[in-house]
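Novice: Just work-v6.txt, nothing more (compact mmCIF, C-alpha atoms):
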# COMPACT_ATOMS: atom_id res chain seq x y z
CA MET G 257 -159.90 27.99 -205.29
CA SER G 258 -160.92 24.36 -204.89
CA GLY G 259 -164.57 23.44 -205.32
CA GLN G 260 -164.29 20.91 -202.52
CA ALA G 261 -166.38 21.74 -199.47
CA GLU G 262 -164.47 21.98 -196.20
CA THR G 263 -165.34 19.49 -193.50
CA LYS G 264 -166.44 21.28 -190.37
CA VAL G 265 -165.27 19.81 -187.07
CA ASP G 266 -168.11 18.75 -184.79
CA GLU G 267 -167.01 20.55 -181.65
CA ARG G 268 -169.88 19.06 -179.66
CA LYS G 269 -168.39 15.58 -180.13
CA ILE G 270 -164.96 16.84 -179.14
CA ARG G 271 -166.44 18.17 -175.90
CA GLU G 272 -168.03 14.76 -175.33
CA ILE G 273 -164.59 13.18 -175.66
CA ILE G 274 -163.19 15.62 -173.11
CA ASN G 275 -166.02 14.90 -170.65
CA SER G 276 -165.71 11.11 -171.08
CA ARG G 277 -161.89 11.22 -171.16
CA ASP G 278 -162.11 9.01 -174.26
CA VAL G 279 -158.45 9.38 -175.22
CA THR G 280 -156.03 6.48 -175.74
CA PRO G 281 -152.26 7.07 -175.32
CA LEU G 282 -149.96 5.12 -177.68
CA PHE G 283 -146.28 4.81 -176.84
CA GLN G 284 -143.49 4.69 -179.42
CA PRO G 285 -139.99 3.77 -178.18
CA VAL G 286 -137.02 6.10 -178.55
CA VAL G 287 -134.01 3.81 -178.87
CA SER G 288 -130.28 4.24 -178.43
CA ILE G 289 -128.44 2.16 -181.00
CA SER G 290 -125.05 2.53 -179.26
CA THR G 291 -126.37 1.03 -176.01
CA LYS G 292 -128.95 -1.22 -177.74
CA SER G 293 -131.61 -0.07 -175.32
CA ILE G 294 -134.80 1.97 -174.97
CA VAL G 295 -134.18 5.40 -173.46
CA GLY G 296 -137.82 6.46 -173.35
CA PHE G 297 -141.14 6.76 -175.13
CA GLU G 298 -142.90 9.43 -177.10
CA VAL G 299 -146.62 9.34 -176.45
CA TYR G 300 -149.24 9.90 -179.15
CA SER G 301 -152.95 10.27 -178.45
CA ARG G 302 -155.95 8.93 -180.29
CA GLY G 303 -159.38 10.01 -179.26
CA GLY G 304 -163.01 9.41 -179.94
CA GLN G 305 -162.80 5.63 -180.17
CA HIS G 306 -166.47 5.46 -179.29
CA ASN G 307 -167.55 8.66 -181.05
CA GLY G 308 -166.26 8.17 -184.57
CA ILE G 309 -163.84 11.12 -184.24
CA GLY G 310 -160.32 10.79 -185.64
CA SER G 311 -157.10 12.44 -184.49
CA GLU G 312 -157.24 15.14 -187.18
CA ALA G 313 -160.52 16.44 -185.77
CA LEU G 314 -159.32 16.07 -182.18
CA PHE G 315 -156.33 18.33 -182.80
CA SER G 316 -157.92 20.64 -185.37
CA GLU G 317 -156.91 24.31 -185.33
CA ASP G 318 -160.54 25.18 -186.08
CA LEU G 319 -161.67 24.25 -182.57
CA SER G 320 -162.43 26.96 -180.04
CA PRO G 321 -159.32 28.04 -178.09
CA ASP G 322 -160.69 26.71 -174.78
CA VAL G 323 -161.40 23.32 -176.39
CA ILE G 324 -157.86 23.15 -177.82
CA VAL G 325 -156.48 23.76 -174.34
CA GLU G 326 -158.73 21.12 -172.74
CA VAL G 327 -157.85 18.51 -175.37
CA ASP G 328 -154.14 19.18 -174.84
CA ARG G 329 -154.44 18.87 -171.07
CA LEU G 330 -156.54 15.70 -171.30
CA CYS G 331 -154.04 14.00 -173.62
CA ARG G 332 -151.18 14.82 -171.24
CA ALA G 333 -153.14 13.61 -168.20
CA ARG G 334 -154.01 10.29 -169.87
CA ALA G 335 -150.40 9.86 -171.03
CA LEU G 336 -149.05 10.44 -167.52
CA GLU G 337 -151.56 7.96 -166.08
CA GLN G 338 -150.42 5.27 -168.50
CA PHE G 339 -146.72 6.06 -168.03
CA LYS G 340 -146.85 5.95 -164.23
CA PRO G 341 -146.73 2.12 -163.90
CA ILE G 342 -143.96 2.01 -166.53
CA HIS G 343 -141.98 4.51 -164.48
CA ALA G 344 -142.58 2.44 -161.33
CA HIS G 345 -140.81 -0.54 -162.92
CA TYR G 346 -138.25 1.28 -165.07
CA GLY G 347 -137.37 4.46 -163.28
CA GLN G 348 -134.69 5.55 -165.76
CA LEU G 349 -136.98 5.78 -168.79
CA LEU G 350 -137.94 9.16 -170.23
CA LEU G 351 -141.37 10.29 -171.36
CA PHE G 352 -141.50 12.64 -174.36
CA LEU G 353 -144.74 14.47 -173.65
CA ASN G 354 -146.27 16.64 -176.37
CA VAL G 355 -147.66 20.13 -175.92
CA ASN G 356 -149.65 21.96 -178.59
CA PRO G 357 -148.08 25.42 -179.21
CA LEU G 358 -151.55 26.76 -179.99
CA ILE G 359 -152.35 26.71 -176.27
CA ILE G 360 -149.52 29.06 -175.29
CA PRO G 361 -151.30 32.33 -176.23
CA GLU G 362 -154.32 31.07 -174.27
CA VAL G 363 -152.67 29.81 -171.05
CA GLY G 364 -149.86 32.38 -170.93
CA ARG G 365 -146.12 32.07 -171.28
CA GLN G 366 -145.64 31.56 -167.54
CA SER G 367 -148.21 28.78 -167.15
CA MET G 368 -147.05 25.92 -164.89
CA PHE G 369 -150.12 23.74 -165.45
CA VAL G 370 -148.09 21.01 -167.16
CA VAL G 371 -145.63 20.99 -164.25
CA ASP G 372 -148.50 20.53 -161.80
CA GLN G 373 -149.83 17.66 -163.94
CA ILE G 374 -146.48 15.85 -163.87
CA LYS G 375 -146.07 16.31 -160.13
CA ALA G 376 -149.65 15.15 -159.48
CA ALA G 377 -148.87 11.95 -161.39
CA GLY G 378 -145.94 11.30 -159.06
CA ILE G 379 -143.34 11.35 -161.82
CA PRO G 380 -140.09 13.32 -161.35
CA LEU G 381 -139.65 16.27 -163.68
CA SER G 382 -136.26 14.81 -164.65
CA ASN G 383 -138.04 11.88 -166.35
CA VAL G 384 -140.21 14.07 -168.57
CA ILE G 385 -139.20 15.85 -171.78
CA LEU G 386 -141.80 18.37 -172.90
CA GLU G 387 -141.96 18.10 -176.67
CA CYS G 388 -143.07 21.10 -178.71
CA PRO G 389 -143.26 21.11 -182.51
CA LEU G 390 -141.11 23.71 -184.18
CA ASN G 391 -143.86 26.08 -185.25
CA ALA G 392 -142.33 29.28 -186.64
CA PRO G 393 -145.39 31.58 -186.22
CA TYR G 394 -145.31 30.83 -182.49
CA LEU G 395 -141.54 30.90 -182.02
CA GLY G 396 -141.66 33.87 -179.63
CA GLU G 397 -144.28 32.16 -177.48
CA ILE G 398 -142.40 28.86 -177.56
CA GLU G 399 -139.14 30.53 -176.56
CA ALA G 400 -140.67 32.31 -173.55
CA TYR G 401 -142.79 29.33 -172.51
CA THR G 402 -139.94 26.82 -172.64
CA ARG G 403 -137.64 29.21 -170.79
CA SER G 404 -140.07 29.28 -167.86
CA LEU G 405 -140.25 25.47 -167.87
CA ARG G 406 -136.47 25.06 -167.93
CA GLU G 407 -136.20 27.34 -164.91
CA VAL G 408 -138.20 24.84 -162.82
CA GLY G 409 -136.21 21.84 -164.06
CA LEU G 410 -138.32 20.53 -166.96
CA MET G 411 -136.39 19.58 -170.08
CA VAL G 412 -137.63 20.65 -173.51
CA CYS G 413 -137.48 18.99 -176.93
CA LEU G 414 -138.08 20.74 -180.25
CA ASP G 415 -139.96 18.36 -182.50
CA ASN G 416 -140.20 17.88 -186.27
CA CYS G 417 -137.17 19.99 -187.29
CA ALA G 418 -136.78 20.11 -191.08
CA VAL G 419 -133.97 21.02 -193.47
CA ASP G 420 -135.75 24.21 -194.56
CA HIS G 421 -136.18 25.58 -191.04
CA PRO G 422 -133.84 28.38 -189.89
CA PHE G 423 -132.60 25.96 -187.21
CA SER G 424 -129.38 27.81 -186.34
CA HIS G 425 -131.41 30.83 -185.24
CA ILE G 426 -134.07 28.75 -183.48
CA LEU G 427 -131.74 26.42 -181.57
CA SER G 428 -129.66 29.30 -180.26
CA ARG G 429 -132.81 31.02 -178.97
CA VAL G 430 -134.65 28.06 -177.44
CA LYS G 431 -131.62 25.95 -176.36
CA PRO G 432 -133.60 22.70 -176.07
CA ALA G 433 -132.22 19.65 -174.25
CA TYR G 434 -133.30 17.51 -177.21
CA VAL G 435 -134.15 18.15 -180.85
CA LYS G 436 -135.90 15.72 -183.18
CA ILE G 437 -135.24 15.83 -186.89
CA ASN G 438 -137.76 14.65 -189.46
CA ARG G 439 -137.27 12.64 -192.64
CA SER G 440 -136.20 15.64 -194.72
CA PHE G 441 -132.70 15.14 -193.26
CA PHE G 442 -132.23 11.47 -194.04
CA ALA G 443 -134.88 10.00 -196.38
CA GLY G 444 -133.34 8.77 -199.62
CA ASP G 445 -135.86 10.39 -201.96
CA GLY G 446 -134.15 13.75 -202.48
CA ASP G 447 -130.72 15.34 -202.83
CA GLU G 448 -128.81 13.07 -200.46
CA GLY G 449 -125.57 15.04 -200.73
CA ASN G 450 -127.25 18.30 -199.78
CA SER G 451 -129.27 16.64 -197.01
CA ARG G 452 -126.10 15.10 -195.58
CA ARG G 453 -124.31 18.44 -195.48
CA THR G 454 -127.36 20.10 -193.92
CA LEU G 455 -127.51 17.36 -191.28
CA GLU G 456 -123.83 17.90 -190.52
CA ALA G 457 -124.51 21.62 -190.02
CA PHE G 458 -127.52 20.81 -187.84
CA MET G 459 -125.48 18.41 -185.69
CA ASP G 460 -122.76 21.02 -185.29
CA GLN G 461 -125.26 23.69 -184.20
CA ALA G 462 -127.01 21.29 -181.81
CA CYS G 463 -123.64 20.45 -180.25
CA ARG G 464 -122.87 24.13 -179.78
CA VAL G 465 -126.06 24.73 -177.76
CA GLY G 466 -125.86 21.40 -175.86
CA SER G 467 -128.82 19.66 -177.54
CA VAL G 468 -129.07 15.89 -178.06
CA VAL G 469 -130.30 15.01 -181.57
CA ALA G 470 -132.85 12.25 -182.17
CA ALA G 471 -134.39 11.15 -185.47
CA GLN G 472 -138.10 10.48 -185.82
CA CYS G 473 -140.05 8.51 -188.46
CA VAL G 474 -137.20 6.11 -189.23
CA GLU G 475 -138.67 3.54 -191.62
CA SER G 476 -135.84 1.26 -192.71
CA GLU G 477 -132.51 -0.24 -191.76
CA GLU G 478 -130.84 1.81 -194.51
CA GLU G 479 -132.11 5.05 -192.97
CA SER G 480 -131.00 3.95 -189.52
CA LEU G 481 -127.47 3.24 -190.77
CA ARG G 482 -127.39 6.57 -192.61
CA LEU G 483 -128.28 8.36 -189.38
CA LEU G 484 -125.71 6.45 -187.37
CA SER G 485 -123.02 7.47 -189.87
CA ALA G 486 -124.01 11.09 -189.20
CA GLY G 487 -123.76 10.56 -185.43
CA VAL G 488 -127.48 10.31 -184.63
CA GLN G 489 -127.71 7.50 -182.06
CA LEU G 490 -131.24 8.17 -180.77
CA GLN G 491 -133.93 7.05 -183.19
CA GLN G 492 -137.63 6.25 -183.31
CA GLY G 493 -140.14 5.28 -185.95
CA TYR G 494 -142.03 2.57 -187.74
CA TYR G 495 -138.85 0.53 -188.32
CA TYR G 496 -138.48 -0.02 -184.57
CA ALA G 497 -142.18 -0.45 -183.90
CA LYS G 498 -143.14 -2.97 -186.58
CA GLU G 499 -142.91 -6.73 -186.10
CA ASP G 500 -141.03 -8.61 -188.81
CA GLY G 501 -141.12 -12.11 -187.34
CA ALA G 502 -143.63 -14.85 -187.90
CA PRO G 503 -146.73 -15.02 -185.67
CA GLY G 504 -145.90 -16.40 -182.27
CA ASP G 505 -142.41 -14.91 -182.11
CA ASP G 506 -141.51 -12.87 -179.06
CA PRO G 507 -142.01 -9.20 -180.20
CA ALA G 508 -139.70 -7.88 -177.47
CA ARG G 509 -136.95 -10.25 -178.60
CA GLN G 510 -137.48 -9.18 -182.21
CA PHE G 511 -137.23 -5.54 -181.18
CA PHE G 512 -133.91 -5.91 -179.34
CA ASP G 513 -132.51 -8.25 -181.99
CA LYS G 514 -133.23 -5.56 -184.57
CA MET G 515 -131.25 -2.98 -182.60
CA ALA G 516 -128.37 -5.42 -182.15
CA THR G 517 -128.36 -6.22 -185.89
CA VAL G 518 -128.31 -2.55 -186.89
CA HIS G 519 -125.51 -1.86 -184.41
CA LYS G 520 -123.47 -4.80 -185.74
CA LYS G 521 -123.87 -3.63 -189.35
CA TYR G 522 -123.02 -0.06 -188.38
CA LYS G 523 -119.89 -1.25 -186.57
CA ALA G 524 -118.80 -3.26 -189.62
CA LYS G 525 -119.52 -0.28 -191.90
CA LYS G 526 -117.57 2.02 -189.58
CA HIS G 527 -114.57 -0.33 -189.60
CA GLN G 528 -114.67 -0.37 -193.39
CA GLN G 529 -114.84 3.44 -193.51
CA VAL G 530 -111.89 3.78 -191.12
CA ARG G 531 -109.80 1.37 -193.19
CA ALA G 532 -110.71 3.29 -196.36
CA LYS G 533 -109.86 6.58 -194.67
CA LYS G 534 -106.52 5.22 -193.45
CA GLU G 535 -105.66 4.05 -196.97
CA LEU G 536 -106.80 7.34 -198.48
CA PHE G 537 -104.69 9.49 -196.17
CA SER G 538 -101.70 7.20 -196.58
CA ASP G 539 -101.96 7.92 -200.32
CA ILE G 540 -102.45 11.65 -199.65
CA PHE G 541 -99.38 11.84 -197.40
CA ARG G 542 -97.28 9.90 -199.92
CA THR G 543 -98.33 12.37 -202.60
CA ALA G 544 -97.59 15.32 -200.28
CA THR G 545 -94.14 13.95 -199.49
CA SER G 546 -93.44 13.42 -203.19
CA ILE G 547 -94.51 17.00 -203.99
CA CYS G 548 -92.29 18.43 -201.23
CA ASN G 549 -89.33 16.35 -202.46
CA LYS G 550 -89.85 17.70 -205.96
CA LEU G 551 -90.02 21.32 -204.75
CA ALA G 552 -86.97 20.81 -202.51
CA ASN G 553 -84.84 20.36 -205.61
CA MET G 554 -85.87 23.79 -206.93
CA THR G 555 -85.27 27.44 -206.14
CA GLU G 556 -88.17 29.85 -205.53
CA ASP G 557 -88.10 31.28 -209.04
CA ARG G 558 -89.13 27.86 -210.43
CA PHE G 559 -91.90 27.09 -207.92
CA ASP G 560 -94.73 28.46 -210.10
CA ASP G 561 -93.85 26.26 -213.08
CA VAL G 562 -93.39 23.19 -210.87
CA CYS G 563 -96.73 23.76 -209.10
CA ARG G 564 -98.58 23.94 -212.42
CA SER G 565 -96.88 20.76 -213.59
CA LEU G 566 -97.58 18.88 -210.35
CA VAL G 567 -101.28 19.76 -210.29
CA GLN G 568 -101.70 18.40 -213.80
CA GLY G 569 -99.55 15.33 -213.21
CA ARG G 570 -100.57 14.13 -209.73
CA LYS G 571 -103.82 12.28 -209.17
CA GLY G 572 -105.98 13.75 -206.42
CA VAL G 573 -104.27 17.16 -206.31
CA ILE G 574 -106.82 19.94 -206.84
CA SER G 575 -104.68 23.00 -206.15
CA LEU G 576 -101.19 23.81 -204.96
CA PHE G 577 -99.26 26.86 -203.79
CA VAL G 578 -96.17 27.65 -201.73
CA VAL G 579 -95.75 29.88 -198.66
CA ASP G 580 -92.43 31.26 -197.37
CA ASP G 581 -91.18 31.22 -193.77
CA ARG G 582 -93.05 34.50 -193.03
CA GLY G 583 -96.36 32.99 -194.11
CA VAL G 584 -96.51 34.93 -197.38
CA GLN G 585 -97.73 33.13 -200.50
CA VAL G 586 -94.88 33.18 -203.03
CA THR G 587 -96.60 31.42 -205.95
CA HIS G 588 -99.87 31.67 -207.81
CA ARG G 589 -102.39 29.01 -206.84
CA ALA G 590 -102.13 26.36 -209.53
CA HIS G 591 -105.37 24.40 -209.82
CA ARG G 592 -107.47 22.19 -212.01
CA GLY G 593 -111.19 22.60 -212.62
CA LYS G 594 -113.07 25.85 -213.01
CA GLY G 595 -111.54 29.23 -212.32
CA ALA G 596 -114.26 30.42 -209.93
CA GLY G 597 -112.13 29.24 -207.04
CA ALA G 598 -109.97 32.36 -207.40
CA VAL G 599 -112.36 34.08 -205.01
CA ARG G 600 -110.95 31.96 -202.17
CA GLY G 601 -108.59 34.84 -201.49
CA THR G 602 -105.14 33.28 -201.79
CA PRO G 603 -103.37 35.21 -204.57
CA LYS G 604 -99.63 35.56 -204.80
CA GLY G 605 -98.42 37.89 -202.04
CA ALA G 606 -101.26 37.05 -199.60
CA ASP G 607 -100.32 36.92 -195.91
CA LEU G 608 -101.41 33.46 -194.71
CA SER G 609 -99.42 33.42 -191.48
CA ALA G 610 -102.62 33.23 -189.38
CA GLU G 611 -104.08 30.28 -191.29
CA ASP G 612 -104.11 26.97 -189.39
CA TYR G 613 -102.32 25.12 -192.17
CA VAL G 614 -99.41 27.58 -191.83
CA LEU G 615 -99.58 28.47 -188.14
CA TYR G 616 -99.51 24.87 -186.86
CA LEU G 617 -96.36 24.15 -188.82
CA ASP G 618 -94.72 27.25 -187.34
CA MET G 619 -95.54 25.78 -183.92
CA GLY G 620 -93.58 22.59 -184.67
CA TYR G 621 -96.01 20.23 -186.39
CA ASP G 622 -94.53 18.28 -189.29
CA LYS G 623 -97.81 18.31 -191.26
CA PHE G 624 -101.36 19.61 -190.98
CA VAL G 625 -104.71 18.50 -192.43
CA THR G 626 -107.82 20.69 -192.35
CA GLN G 627 -111.40 19.54 -191.85
CA PRO G 628 -113.06 18.45 -195.10
CA PHE G 629 -114.72 21.09 -197.25
CA VAL G 630 -116.17 21.37 -200.77
CA SER G 631 -113.58 22.52 -203.28
CA ALA G 632 -114.41 25.80 -204.97
CA TYR G 633 -112.52 24.55 -208.03
CA THR G 634 -114.03 21.12 -208.67
CA GLY G 635 -117.01 20.87 -206.31
CA GLU G 636 -115.66 17.64 -204.78
CA ARG G 637 -114.92 16.92 -201.14
CA ALA G 638 -111.42 18.04 -200.27
CA CYS G 639 -109.00 18.92 -197.49
CA MET G 640 -105.95 21.16 -197.28
CA VAL G 641 -102.69 19.40 -196.46
CA SER G 642 -99.55 21.38 -195.62
CA ARG G 643 -95.95 20.24 -195.12
CA PRO G 644 -92.71 22.18 -194.69
CA PHE G 645 -89.68 21.67 -196.93
CA PHE G 646 -86.30 23.30 -197.58
CA SER G 647 -85.50 24.53 -201.07
CA LEU G 648 -82.31 24.01 -203.03
CA SER G 649 -81.18 27.36 -201.58
CA GLY G 650 -81.64 26.07 -198.01
CA LEU G 651 -84.66 28.29 -197.27
CA ARG G 652 -87.74 26.97 -195.43
CA TYR G 653 -91.10 26.93 -197.27
CA THR G 654 -94.50 25.32 -196.84
CA ALA G 655 -96.28 23.41 -199.59
CA CYS G 656 -100.06 23.86 -199.31
CA MET G 657 -101.95 21.17 -201.21
CA GLU G 658 -105.71 20.95 -201.71
CA MET G 659 -106.37 17.22 -202.05
CA ALA G 660 -109.49 15.27 -203.01
CA CYS G 661 -110.71 13.11 -200.13
CA GLN G 662 -114.17 11.99 -201.26
CA ALA G 663 -113.86 8.35 -200.26
CA GLY G 664 -112.62 8.85 -196.74
CA CYS G 665 -114.42 11.90 -195.38
I'd like the structure from this file rewritten - as structure tokens, please.

Specialist:
Amino acid sequence: MSGQAETKVDERKIREIINSRDVTPLFQPVVSISTKSIVGFEVYSRGGQHNGIGSEALFSEDLSPDVIVEVDRLCRARALEQFKPIHAHYGQLLLFLNVNPLIIPEVGRQSMFVVDQIKAAGIPLSNVILECPLNAPYLGEIEAYTRSLREVGLMVCLDNCAVDHPFSHILSRVKPAYVKINRSFFAGDGDEGNSRRTLEAFMDQACRVGSVVAAQCVESEEESLRLLSAGVQLQQGYYYAKEDGAPGDDPARQFFDKMATVHKKYKAKKHQQVRAKKELFSDIFRTATSICNKLANMTEDRFDDVCRSLVQGRKGVISLFVVDDRGVQVTHRAHRGKGAGAVRGTPKGADLSAEDYVLYLDMGYDKFVTQPFVSAYTGERACMVSRPFFSLSGLRYTACMEMACQAGC
């Protein structure tokens, strides 16, 4: 146990802030890189400017429950007051309005106080996104509370989602209109490969429940480009709020120029990736055609030996096996790398007729390529490519080739 004494929050001063309404809303833009525009603002609150009280004390969990509720309501009221003239001039902009999940047990899951606040400010519910931090101990309360709000037409955003949250379970329960991911998904100070794969899984789950993903706390152009490559178009953070130009420059112009620059670089990067992918798959299909031509000069009894030889002799081929016209695997799966991949479940004699890489060919396709995956044999990014061929005996088979595709996927 630390010998440091805990700092006790002066609740009397917090009550003074509530009575004097001494809270200042600060707006941070949420930008869309694809449209090079601002879609809305998230509002943060600072209080006690004249009382020497910082934000940590203002939002402390050690405050009395009734004080926590009053602080939360005051911050929302002040934010709505400041947003009202913005809405009057730019009616399409959204306001991401925070709610403290600690208030839910106090006000009740069916409370409509926030709805009344928004209506009293004269702002349509469709312009407000109620933002609630993903706080696991209060997940049940958050789920019930946000469900009630959605029923009256108020959109919900889950805030501060991290890689170590059970987000698949949470998103499917809450079904938010928006979700905001924190830096654990895209900051370059950890395992980037693992973070990228986790972000891909998060994006897939968000898509399944109809949630729009935004990134918060973006601090650099590199991070912005990394997010764009993952499909995250909505972003906010210090990178878009700071001013890089010399004193006297137009800050608004700097802001929009920054978005345009990032978009231009992303577009150039995307073009380069597409060219690389095109070249990669041209090479993959040439290799696949060459493999099929080699097998076409053989009879089935020689397929096993040829597959082993081709895997060792062809660059980029991770594993290879052959399936007959019934969808039954007629060879062992020749592969390079470790043997742990045997658990993939494709031994000789396996019925693969329901697998996409077999079924699509039976339906008339001349080739099939699966979505990328991580090879169980080598640990590298790979895809399964399948093509039909006719053997020396005139029988139809399918060559199934696991191919490395690191550069283009």

Novice: Determine the nearest neighbour of Phe511 in chain G from the options G:Ala497, G:Leu351, G:Ala524, G:Val435, counting all atoms listed in the file.

Specialist: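 Result for the nearest residue to Phe511 in chain G: G:Ala497.
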
Novice: Just the number, please: distance in Å from CA of Lys550 in chain G to CA of Pro628 in chain G, one decimal.

Specialist: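 The value is 25.6 Å.
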
Novice: Report the distance between CA of Asp612 in chain G and CA of Ala590 in chain G in Å, rounded to one decimal place.

Specialist: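 Answer for the CA of Asp612 in chain G to CA of Ala590 in chain G separation: 20.2 Å.
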
Novice: Considering all atoms listed in the file, can you say which of G:Arg406, G:Arg329, G:Arg643, G:Lys594 comes closest to Phe541 in chain G?

Specialist: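 Counting all atoms listed in the file, the residue closest to Phe541 in chain G is G:Arg643.
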
Novice: Hey, can you check how far CA of Leu395 in chain G sits from CA of Glu362 in chain G?

Specialist: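 These two atoms are separated by 14.9 Å.
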
Novice: Select all residues near (-99.6, 30.9, -193.2) (cut-off 10 Å, inclusive, file coordinates), counting all atoms listed in the file, and output them as a ChimeraX atom specification.

Specialist: /G:578-585,606-618,642,654,656

Novice: Here is a test: counting all atoms listed in the file, which residue of G:Leu414, G:Ala457, G:Ala313, G:Val408 is nearest to Ala471 in chain G?

Specialist: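 Looking only at the distances to Ala471 in chain G, the closest residue turns out to be G:Leu414.
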
Novice: Using all atoms listed in the file, find the one residue out of G:Tyr434, G:Phe369, G:Phe423, G:Phe441 that sits nearest to Val468 in chain G.

Specialist: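 The closest residue to Val468 in chain G is G:Tyr434.
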
Novice: Using N, CA, C and O atoms, give me range 392-405 of chain G from the structure I just pasted, as an mmCIF file, in the first residue's frame.

Specialist:
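Resulting contents of out-v6.cif:
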data_model
loop_
_atom_site.group_PDB
_atom_site.id
_atom_site.type_symbol
_atom_site.label_atom_id
_atom_site.label_comp_id
_atom_site.auth_asym_id
_atom_site.auth_seq_id
_atom_site.Cartn_x
_atom_site.Cartn_y
_atom_site.Cartn_z
ATOM 1 N N ALA G 392 -17.574 -1.291 -18.189
ATOM 2 C CA ALA G 392 -18.068 -2.656 -18.015
ATOM 3 C C ALA G 392 -18.900 -2.885 -16.749
ATOM 4 O O ALA G 392 -19.922 -3.570 -16.801
ATOM 5 N N PRO G 393 -18.520 -2.340 -15.574
ATOM 6 C CA PRO G 393 -19.331 -2.601 -14.377
ATOM 7 C C PRO G 393 -20.766 -2.101 -14.493
ATOM 8 O O PRO G 393 -21.643 -2.553 -13.780
ATOM 9 N N TYR G 394 -20.993 -1.146 -15.398
ATOM 10 C CA TYR G 394 -22.331 -0.578 -15.549
ATOM 11 C C TYR G 394 -22.963 -0.971 -16.879
ATOM 12 O O TYR G 394 -23.877 -0.298 -17.349
ATOM 13 N N LEU G 395 -22.476 -2.054 -17.495
ATOM 14 C CA LEU G 395 -22.963 -2.422 -18.814
ATOM 15 C C LEU G 395 -24.465 -2.670 -18.821
ATOM 16 O O LEU G 395 -25.172 -2.248 -19.730
ATOM 17 N N GLY G 396 -24.983 -3.360 -17.798
ATOM 18 C CA GLY G 396 -26.413 -3.617 -17.741
ATOM 19 C C GLY G 396 -27.220 -2.339 -17.700
ATOM 20 O O GLY G 396 -28.234 -2.195 -18.394
ATOM 21 N N GLU G 397 -26.763 -1.373 -16.872
ATOM 22 C CA GLU G 397 -27.449 -0.095 -16.780
ATOM 23 C C GLU G 397 -27.360 0.674 -18.092
ATOM 24 O O GLU G 397 -28.336 1.272 -18.546
ATOM 25 N N ILE G 398 -26.167 0.656 -18.710
ATOM 26 C CA ILE G 398 -25.984 1.361 -19.973
ATOM 27 C C ILE G 398 -26.889 0.779 -21.054
ATOM 28 O O ILE G 398 -27.525 1.509 -21.814
ATOM 29 N N GLU G 399 -26.954 -0.541 -21.111
ATOM 30 C CA GLU G 399 -27.780 -1.199 -22.127
ATOM 31 C C GLU G 399 -29.241 -0.792 -21.989
ATOM 32 O O GLU G 399 -29.900 -0.418 -22.977
ATOM 33 N N ALA G 400 -29.789 -0.855 -20.775
ATOM 34 C CA ALA G 400 -31.200 -0.511 -20.551
ATOM 35 C C ALA G 400 -31.446 0.973 -20.776
ATOM 36 O O ALA G 400 -32.461 1.373 -21.375
ATOM 37 N N TYR G 401 -30.536 1.810 -20.290
ATOM 38 C CA TYR G 401 -30.685 3.256 -20.416
ATOM 39 C C TYR G 401 -30.663 3.693 -21.881
ATOM 40 O O TYR G 401 -31.526 4.464 -22.341
ATOM 41 N N THR G 402 -29.683 3.199 -22.633
ATOM 42 C CA THR G 402 -29.582 3.592 -24.036
ATOM 43 C C THR G 402 -30.732 3.032 -24.867
ATOM 44 O O THR G 402 -31.149 3.656 -25.848
ATOM 45 N N ARG G 403 -31.264 1.881 -24.480
ATOM 46 C CA ARG G 403 -32.415 1.339 -25.198
ATOM 47 C C ARG G 403 -33.607 2.280 -25.076
ATOM 48 O O ARG G 403 -34.314 2.555 -26.060
ATOM 49 N N SER G 404 -33.833 2.812 -23.888
ATOM 50 C CA SER G 404 -34.941 3.749 -23.674
ATOM 51 C C SER G 404 -34.758 5.011 -24.516
ATOM 52 O O SER G 404 -35.705 5.547 -25.079
ATOM 53 N N LEU G 405 -33.504 5.474 -24.606
ATOM 54 C CA LEU G 405 -33.226 6.690 -25.379
ATOM 55 C C LEU G 405 -33.406 6.453 -26.874
ATOM 56 O O LEU G 405 -33.920 7.321 -27.595
#
